[in-house]
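Text of run.txt (compact mmCIF, C-alpha atoms) as supplied:
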# COMPACT_ATOMS: atom_id res chain seq x y z
CA MET G 1 -2.85 45.35 -9.88
CA GLY G 2 -1.90 47.92 -12.50
CA PHE G 3 0.70 50.63 -11.99
CA LYS G 4 1.27 53.29 -14.61
CA CYS G 5 4.30 55.51 -15.13
CA GLY G 6 3.66 58.38 -17.55
CA ILE G 7 6.44 59.46 -19.92
CA VAL G 8 6.48 63.18 -20.71
CA GLY G 9 8.85 65.47 -22.58
CA LEU G 10 9.13 68.35 -25.02
CA PRO G 11 9.50 67.73 -28.79
CA ASN G 12 12.83 66.29 -30.02
CA VAL G 13 14.10 65.13 -26.63
CA GLY G 14 13.87 61.41 -27.50
CA LYS G 15 10.55 60.59 -25.80
CA SER G 16 9.04 58.72 -28.74
CA THR G 17 12.28 56.86 -29.45
CA LEU G 18 12.41 55.75 -25.83
CA PHE G 19 8.78 54.67 -25.70
CA ASN G 20 9.09 52.77 -28.98
CA ALA G 21 12.15 50.98 -27.62
CA LEU G 22 10.19 50.07 -24.48
CA THR G 23 7.28 48.64 -26.44
CA ARG G 24 9.55 46.71 -28.83
CA THR G 25 11.37 45.26 -25.85
CA ALA G 26 8.04 44.29 -24.32
CA ALA G 27 6.95 42.59 -27.53
CA ALA G 28 10.16 40.57 -27.49
CA GLN G 29 9.33 39.46 -23.93
CA ALA G 30 6.10 37.84 -25.05
CA ALA G 31 7.59 34.39 -24.41
CA ASN G 32 7.58 35.22 -20.69
CA PHE G 33 4.16 36.83 -20.41
CA PRO G 34 1.41 37.93 -22.77
CA PHE G 35 2.27 41.41 -24.03
CA CYS G 36 -0.64 43.66 -24.73
CA THR G 37 -0.93 47.25 -25.80
CA ILE G 38 -3.89 48.33 -23.71
CA GLU G 39 -4.24 51.50 -25.77
CA PRO G 40 -2.06 52.79 -28.61
CA ASN G 41 0.00 54.81 -26.12
CA VAL G 42 0.32 52.26 -23.30
CA GLY G 43 2.88 49.47 -23.16
CA GLU G 44 3.46 46.85 -20.49
CA VAL G 45 6.98 45.69 -19.72
CA SER G 46 8.28 43.01 -17.38
CA VAL G 47 10.31 44.16 -14.39
CA PRO G 48 13.81 42.65 -14.70
CA ASP G 49 14.68 40.64 -11.59
CA GLU G 50 17.47 38.08 -11.67
CA ARG G 51 16.14 36.58 -8.43
CA LEU G 52 13.18 35.09 -10.29
CA ASP G 53 15.41 33.04 -12.62
CA LYS G 54 17.36 31.66 -9.65
CA ILE G 55 14.17 30.74 -7.78
CA ALA G 56 12.73 29.05 -10.88
CA LYS G 57 15.89 26.99 -11.39
CA ILE G 58 15.84 25.70 -7.81
CA GLY G 59 12.09 25.09 -7.94
CA GLY G 60 12.29 23.27 -11.29
CA SER G 61 9.56 25.56 -12.62
CA ALA G 62 8.33 24.98 -16.17
CA GLU G 63 7.40 28.65 -16.67
CA ILE G 64 8.74 31.98 -15.44
CA ILE G 65 6.30 34.88 -15.10
CA PRO G 66 7.76 38.25 -14.10
CA THR G 67 5.76 41.10 -12.62
CA ARG G 68 5.09 44.05 -14.89
CA LEU G 69 4.71 47.78 -15.09
CA SER G 70 2.83 50.00 -17.57
CA PHE G 71 4.42 52.97 -19.30
CA VAL G 72 2.14 55.59 -20.84
CA ASP G 73 3.37 57.79 -23.70
CA ILE G 74 1.64 61.03 -22.79
CA ALA G 75 0.74 63.59 -25.47
CA GLY G 76 3.11 66.51 -25.98
CA LEU G 77 2.69 69.78 -24.18
CA VAL G 78 3.24 73.47 -24.79
CA LYS G 79 3.34 76.49 -22.51
CA GLY G 80 -0.19 77.40 -21.52
CA ALA G 81 -1.36 73.80 -21.09
CA ALA G 82 -2.89 74.68 -17.73
CA GLN G 83 -5.13 77.16 -19.59
CA GLY G 84 -6.00 74.58 -22.24
CA GLU G 85 -3.47 75.68 -24.88
CA GLY G 86 -2.55 73.08 -27.53
CA LEU G 87 -3.25 69.58 -26.18
CA GLY G 88 -3.15 70.95 -22.64
CA ASN G 89 -6.47 69.61 -21.39
CA GLN G 90 -5.79 66.11 -22.73
CA PHE G 91 -2.23 66.22 -21.39
CA LEU G 92 -3.40 67.12 -17.88
CA ALA G 93 -6.16 64.48 -17.98
CA ASN G 94 -3.63 61.80 -18.94
CA ILE G 95 -1.25 62.89 -16.17
CA ARG G 96 -4.01 62.51 -13.58
CA GLU G 97 -4.41 58.85 -14.54
CA VAL G 98 -0.78 57.81 -13.93
CA ASP G 99 0.88 56.93 -10.62
CA ALA G 100 4.27 58.53 -11.38
CA ILE G 101 5.81 60.83 -13.98
CA ALA G 102 9.00 60.18 -15.95
CA TYR G 103 10.44 63.32 -17.57
CA VAL G 104 12.61 62.64 -20.64
CA LEU G 105 15.23 65.39 -20.78
CA ARG G 106 17.58 66.02 -23.70
CA CYS G 107 21.17 65.91 -22.47
CA PHE G 108 22.98 65.72 -25.81
CA GLU G 109 24.09 68.14 -28.52
CA ASN G 110 23.17 67.45 -32.14
CA ASP G 111 22.85 70.22 -34.71
CA ASP G 112 20.75 67.94 -36.93
CA ILE G 113 18.01 67.67 -34.29
CA ILE G 114 16.48 71.07 -33.61
CA HIS G 115 15.39 71.79 -30.05
CA VAL G 116 12.05 73.53 -29.64
CA SER G 117 13.75 76.29 -27.60
CA ASN G 118 16.84 76.43 -29.83
CA LYS G 119 19.07 75.63 -26.86
CA ILE G 120 19.98 72.52 -24.86
CA ASP G 121 18.91 73.07 -21.25
CA PRO G 122 17.38 70.00 -19.56
CA ILE G 123 16.50 71.93 -16.39
CA ALA G 124 14.54 74.52 -18.37
CA ASP G 125 12.79 71.67 -20.23
CA ALA G 126 11.75 70.05 -16.95
CA GLU G 127 10.55 73.38 -15.59
CA VAL G 128 8.31 74.01 -18.62
CA VAL G 129 6.38 70.81 -17.88
CA GLU G 130 6.50 71.20 -14.10
CA THR G 131 5.28 74.80 -14.25
CA GLU G 132 2.16 73.81 -16.17
CA LEU G 133 1.44 71.09 -13.63
CA MET G 134 1.96 73.49 -10.73
CA LEU G 135 -0.36 76.08 -12.31
CA SER G 136 -3.04 73.41 -12.69
CA ASP G 137 -2.57 72.33 -9.05
CA MET G 138 -2.84 75.91 -7.77
CA GLU G 139 -6.03 76.49 -9.72
CA SER G 140 -7.48 73.26 -8.35
CA LEU G 141 -6.58 74.12 -4.74
CA GLU G 142 -7.76 77.73 -4.90
CA LYS G 143 -11.21 76.52 -5.99
CA ARG G 144 -11.44 74.33 -2.89
CA VAL G 145 -10.69 76.98 -0.27
CA GLY G 146 -14.14 78.63 -0.25
CA PRO G 147 -16.21 75.41 -0.02
CA LEU G 148 -13.87 74.01 2.67
CA GLU G 149 -14.17 77.17 4.78
CA LYS G 150 -17.95 76.89 4.50
CA ARG G 151 -17.83 73.26 5.65
CA LEU G 152 -15.54 74.25 8.51
CA ARG G 153 -18.09 76.78 9.75
CA GLY G 154 -20.56 73.91 9.76
CA GLN G 155 -18.30 72.02 12.21
CA ASP G 156 -17.08 69.50 9.59
CA LYS G 157 -14.06 67.88 11.26
CA ASP G 158 -12.59 66.47 8.03
CA ALA G 159 -12.68 69.93 6.43
CA LYS G 160 -10.24 71.29 9.02
CA LEU G 161 -7.46 68.86 8.04
CA THR G 162 -8.15 69.18 4.32
CA LEU G 163 -8.12 72.97 4.46
CA GLU G 164 -4.85 72.93 6.38
CA LEU G 165 -3.28 70.70 3.72
CA VAL G 166 -4.67 72.85 0.89
CA LYS G 167 -3.15 76.00 2.40
CA ARG G 168 0.14 74.25 3.10
CA ALA G 169 0.34 73.00 -0.49
CA LEU G 170 -0.51 76.43 -1.90
CA VAL G 171 2.39 78.02 0.00
CA VAL G 172 4.82 75.51 -1.51
CA LEU G 173 3.39 75.82 -5.03
CA GLN G 174 3.36 79.62 -4.91
CA ASP G 175 7.04 79.41 -3.99
CA GLY G 176 7.62 77.64 -7.32
CA LYS G 177 8.06 74.16 -5.83
CA PRO G 178 6.13 70.96 -6.62
CA ALA G 179 3.59 69.59 -4.14
CA ARG G 180 5.74 66.52 -3.44
CA GLN G 181 7.89 68.89 -1.35
CA VAL G 182 5.00 69.57 1.05
CA GLU G 183 5.79 68.17 4.51
CA VAL G 184 3.08 65.66 5.36
CA ALA G 185 2.82 63.64 8.58
CA ASP G 186 2.01 59.92 8.42
CA ASP G 187 -1.55 60.47 9.66
CA GLU G 188 -2.09 63.14 6.97
CA LYS G 189 -0.89 61.12 3.97
CA LYS G 190 -4.27 59.65 3.07
CA ALA G 191 -5.99 63.06 3.08
CA PHE G 192 -3.12 64.62 1.13
CA LYS G 193 -3.27 61.92 -1.53
CA GLU G 194 -7.00 62.58 -1.93
CA LEU G 195 -6.15 66.12 -3.09
CA ASN G 196 -4.94 64.36 -6.27
CA LEU G 197 -2.28 66.95 -7.06
CA LEU G 198 -0.30 66.46 -10.25
CA THR G 199 2.99 67.63 -8.75
CA SER G 200 2.60 65.37 -5.72
CA LYS G 201 3.20 62.34 -7.96
CA PRO G 202 6.66 60.77 -7.68
CA ALA G 203 9.03 61.98 -10.41
CA LEU G 204 11.85 60.36 -12.37
CA TYR G 205 14.14 62.39 -14.62
CA ILE G 206 15.42 60.37 -17.58
CA CYS G 207 18.57 61.93 -19.04
CA ASN G 208 18.75 61.06 -22.73
CA VAL G 209 22.43 61.24 -23.71
CA ASP G 210 24.61 60.47 -26.73
CA GLU G 211 26.29 57.08 -27.06
CA ASP G 212 29.63 58.27 -25.63
CA SER G 213 27.94 59.51 -22.43
CA ALA G 214 25.77 56.44 -21.81
CA ALA G 215 28.10 54.88 -19.24
CA ASP G 216 29.05 57.87 -17.09
CA GLY G 217 26.87 60.80 -18.14
CA ASN G 218 28.10 64.31 -18.90
CA GLU G 219 27.97 67.86 -17.54
CA LEU G 220 24.28 68.17 -18.38
CA THR G 221 23.37 65.00 -16.46
CA LYS G 222 25.30 66.27 -13.43
CA ARG G 223 23.05 69.33 -13.42
CA VAL G 224 19.96 67.13 -13.65
CA ASP G 225 21.21 64.97 -10.79
CA GLU G 226 21.50 68.02 -8.53
CA TYR G 227 18.09 69.26 -9.68
CA ALA G 228 16.46 65.87 -9.00
CA LYS G 229 17.77 65.86 -5.44
CA GLU G 230 16.37 69.36 -4.89
CA GLN G 231 13.01 68.21 -6.27
CA ASN G 232 12.86 65.09 -4.07
CA ALA G 233 12.94 63.00 -7.25
CA ARG G 234 15.08 60.28 -8.88
CA MET G 235 17.31 60.34 -11.96
CA VAL G 236 18.59 57.78 -14.49
CA ILE G 237 20.90 58.10 -17.52
CA ILE G 238 20.14 56.34 -20.82
CA SER G 239 20.76 56.71 -24.53
CA ALA G 240 17.43 56.33 -26.34
CA GLU G 241 19.35 55.66 -29.57
CA ILE G 242 21.25 52.75 -27.99
CA GLU G 243 18.02 51.41 -26.47
CA SER G 244 16.34 51.57 -29.87
CA GLU G 245 19.13 49.48 -31.39
CA LEU G 246 19.18 47.03 -28.48
CA SER G 247 15.45 46.41 -28.72
CA GLN G 248 15.95 44.93 -32.20
CA LEU G 249 18.66 42.43 -31.13
CA ASP G 250 18.35 39.00 -29.55
CA ASP G 251 19.72 38.34 -26.04
CA GLU G 252 23.19 37.25 -27.13
CA GLU G 253 23.60 40.13 -29.57
CA GLN G 254 22.44 42.57 -26.89
CA LYS G 255 25.06 41.26 -24.47
CA GLU G 256 27.84 41.63 -27.02
CA TYR G 257 26.71 45.13 -28.02
CA LEU G 258 26.54 46.29 -24.39
CA GLU G 259 30.05 44.94 -23.74
CA THR G 260 31.46 46.95 -26.66
CA LEU G 261 29.89 50.08 -25.13
CA GLY G 262 31.16 49.33 -21.63
CA LEU G 263 27.63 48.98 -20.25
CA GLU G 264 26.53 46.29 -17.79
CA GLU G 265 22.86 46.26 -18.79
CA ALA G 266 20.29 47.99 -20.96
CA GLY G 267 19.23 51.42 -19.78
CA LEU G 268 15.58 50.40 -20.09
CA ASN G 269 16.13 47.90 -17.27
CA ARG G 270 17.27 50.74 -15.04
CA ILE G 271 14.26 52.87 -16.02
CA ILE G 272 11.85 50.04 -15.25
CA ARG G 273 13.48 49.34 -11.88
CA GLU G 274 13.59 53.04 -10.99
CA GLY G 275 9.92 53.35 -11.95
CA TYR G 276 9.16 50.42 -9.66
CA LYS G 277 11.03 52.03 -6.75
CA LEU G 278 9.42 55.35 -7.52
CA LEU G 279 6.00 53.85 -6.92
CA ASN G 280 7.16 52.38 -3.59
CA LEU G 281 6.60 48.85 -4.85
CA GLN G 282 8.22 45.57 -3.94
CA THR G 283 8.10 41.96 -5.11
CA TYR G 284 7.25 38.66 -3.49
CA PHE G 285 7.45 35.29 -5.23
CA THR G 286 5.53 32.04 -5.54
CA VAL G 287 7.28 28.95 -6.87
CA GLY G 288 6.35 25.42 -7.86
CA PRO G 289 6.83 22.85 -10.66
CA LYS G 290 4.30 24.63 -12.87
CA GLU G 291 5.62 28.19 -12.57
CA ALA G 292 7.79 30.66 -10.69
CA ARG G 293 6.08 34.00 -10.51
CA ALA G 294 6.77 37.51 -9.24
CA TRP G 295 3.95 39.54 -7.69
CA THR G 296 3.81 43.28 -7.08
CA VAL G 297 2.66 44.81 -3.79
CA ALA G 298 3.17 48.18 -2.17
CA VAL G 299 5.79 48.42 0.56
CA GLY G 300 4.02 47.85 3.88
CA THR G 301 1.41 45.40 2.52
CA LYS G 302 0.26 42.74 4.97
CA ALA G 303 0.04 39.03 4.11
CA PRO G 304 -3.76 38.79 3.45
CA GLN G 305 -3.69 41.73 1.04
CA ALA G 306 -0.63 40.27 -0.69
CA ALA G 307 -2.57 37.02 -1.11
CA GLY G 308 -5.44 39.03 -2.59
CA VAL G 309 -3.20 40.12 -5.46
CA ILE G 310 -3.27 36.50 -6.65
CA HIS G 311 -7.01 36.03 -6.07
CA SER G 312 -9.62 37.76 -3.93
CA ASP G 313 -10.59 34.35 -2.44
CA PHE G 314 -7.07 34.05 -1.01
CA GLU G 315 -7.55 37.27 0.94
CA ARG G 316 -11.09 36.52 2.11
CA GLY G 317 -10.21 33.02 3.35
CA PHE G 318 -6.65 33.76 4.50
CA ILE G 319 -5.39 31.47 7.28
CA ARG G 320 -1.61 31.85 7.18
CA ALA G 321 1.33 32.22 4.83
CA GLN G 322 4.34 29.94 4.72
CA THR G 323 7.17 32.39 4.20
CA ILE G 324 10.83 31.85 3.29
CA ALA G 325 13.29 34.72 2.95
CA TYR G 326 14.91 34.87 -0.49
CA ASP G 327 18.47 34.50 0.85
CA ASP G 328 17.48 31.42 2.86
CA PHE G 329 15.71 29.85 -0.13
CA ILE G 330 18.79 30.30 -2.34
CA GLU G 331 21.40 29.38 0.28
CA LEU G 332 19.60 26.24 1.44
CA GLY G 333 18.45 25.14 -2.01
CA GLY G 334 14.68 25.33 -1.93
CA GLU G 335 11.51 24.89 0.10
CA ASN G 336 12.10 21.46 1.63
CA ALA G 337 15.63 22.30 2.77
CA ALA G 338 14.37 25.57 4.22
CA LYS G 339 11.71 23.66 6.17
CA ASP G 340 14.28 21.22 7.50
CA ALA G 341 16.46 24.11 8.63
CA GLY G 342 13.53 25.84 10.35
CA LYS G 343 13.61 28.75 7.91
CA ALA G 344 10.06 28.29 6.60
CA ARG G 345 7.89 30.43 8.88
CA ASP G 346 4.12 30.42 9.26
CA GLU G 347 3.04 34.06 9.30
CA GLY G 348 -0.39 35.41 10.23
CA LYS G 349 -2.66 38.27 9.23
CA GLU G 350 -0.45 41.02 10.70
CA TYR G 351 2.73 39.96 8.90
CA VAL G 352 4.15 42.74 6.73
CA VAL G 353 5.52 41.27 3.49
CA LYS G 354 9.21 41.87 2.81
CA ASP G 355 10.80 42.28 -0.61
CA GLY G 356 11.93 38.91 -1.94
CA ASP G 357 9.74 36.73 0.30
CA ILE G 358 8.82 33.35 -1.18
CA MET G 359 5.25 32.71 -0.05
CA LEU G 360 2.70 29.88 -0.01
CA PHE G 361 -0.77 30.87 1.17
CA LYS G 362 -3.14 28.66 3.17
CA PHE G 363 -6.79 29.70 2.93
CA ASN G 364 -10.38 28.53 3.38
CA THR G 365 -12.49 28.19 0.25

Mind turning the file's structure into structure tokens?
Amino acid sequence: MGFKCGIVGLPNVGKSTLFNALTRTAAAQAANFPFCTIEPNVGEVSVPDERLDKIAKIGGSAEIIPTRLSFVDIAGLVKGAAQGEGLGNQFLANIREVDAIAYVLRCFENDDIIHVSNKIDPIADAEVVETELMLSDMESLEKRVGPLEKRLRGQDKDAKLTLELVKRALVVLQDGKPARQVEVADDEKKAFKELNLLTSKPALYICNVDEDSAADGNELTKRVDEYAKEQNARMVIISAEIESELSQLDDEEQKEYLETLGLEEAGLNRIIREGYKLLNLQTYFTVGPKEARAWTVAVGTKAPQAAGVIHSDFERGFIRAQTIAYDDFIELGGENAAKDAGKARDEGKEYVVKDGDIMLFKFNT
């Protein structure tokens, strides 16, 4: 199951530095899972989760395999992208292929690094990109109105809902707001997703700051935080320069360097976790002598579909899932103790997987 988070940003905001740090970090993680660059601009990184190490230790696992997330370094963009200016068409095509968008915003002053607009304004930078996406969405929706109205006259029931969503989205977009701010009922979500709107994708604003602001941010990041809340998006603060340096150090050196900066962990870890949350994902675990492994599923996934992430045969022949809550597994000291304490439950086809579940699937071959 692949999930992609696209990284976008204007020139000289630190996008390339950040992506390079991500891919170097991923290469260093190759001992944990095979790192591959799917394309020159795609890098896979493991999702940091201290729970996996604890589970592996209790389970006596020989190997630890984290779950992973793909980051896509998307080509730069200029005003007019929606009309095909510059690399606009390629940019928009790449955006359509990702599940979420991470905007790298420059939140630092440095006279040696020229900003494309000759001023430091992270909100304006975000709006340049967002505006092009909104223009593309409006064009896409406006083209659908006529055909949908024709289908509606032909008594097409599905066309009625789709047309209503199209018109609702156009009102929001024409008001200068992204499509993720459109109010959508639970029974409309599937149809709304099928509109495939660029600005309906979840958004993360990455504030790239100087070293001194890495721990607590600055006035510019405060503005971005407020903006993110207005946009129904998330925000994280990092220093791409620090991350670049960290990616070239071993674990012990990284720890020492972070301590000197007053930071608890690498900013990349926060970006990866925020990207994971952004996509509404969660983790369940399998554990045994051979390996302890984290698996990614969407929030709300039922047990058979979770089993299918491991292998399609597991889903087709699903019988039940032995399930132990993470806290019980850790507190009691493993599977056997959890069984003895009555904390290992047999769950059926309707069980909704919870984050942190340790699962063992029973299935027919």

Q: Mind giving me the straight-line distance from atom CA of G:Met138 to atom CA of G:Pro122 in Å, one decimal?
A: 24.1 Å

(Q) Can you measure atom CA of G:Asn41 to atom CA of G:Asp73 for me? One decimal in Å is fine. (A)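 Computing it gives 5.1 Å between the two atoms.
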
Q: Go ahead and compute the interatomic distance for atom CA of G:Ile65 and atom CA of G:Met359, in Å to one decimal.
A: 15.2 Å

Q: Excluding G:Ala169 and any residue of its chain fewer than 6 positions from it, enumerate the residues within 9 Å of it, using all atoms listed in the file, and give them as a PyMOL selection string.
A: chain G and resi 138+141+178-183

Q. Which residues, written as number ranges by chain, have at least one atom at most 12 Å from G:Lys54, with all atoms listed in the file counted and residues fewer than 5 positions away on the same chain left out?
A. G: 49, 59-61, 64, 285, 287, 292-293, 326-327, 329-331, 333-334, 356
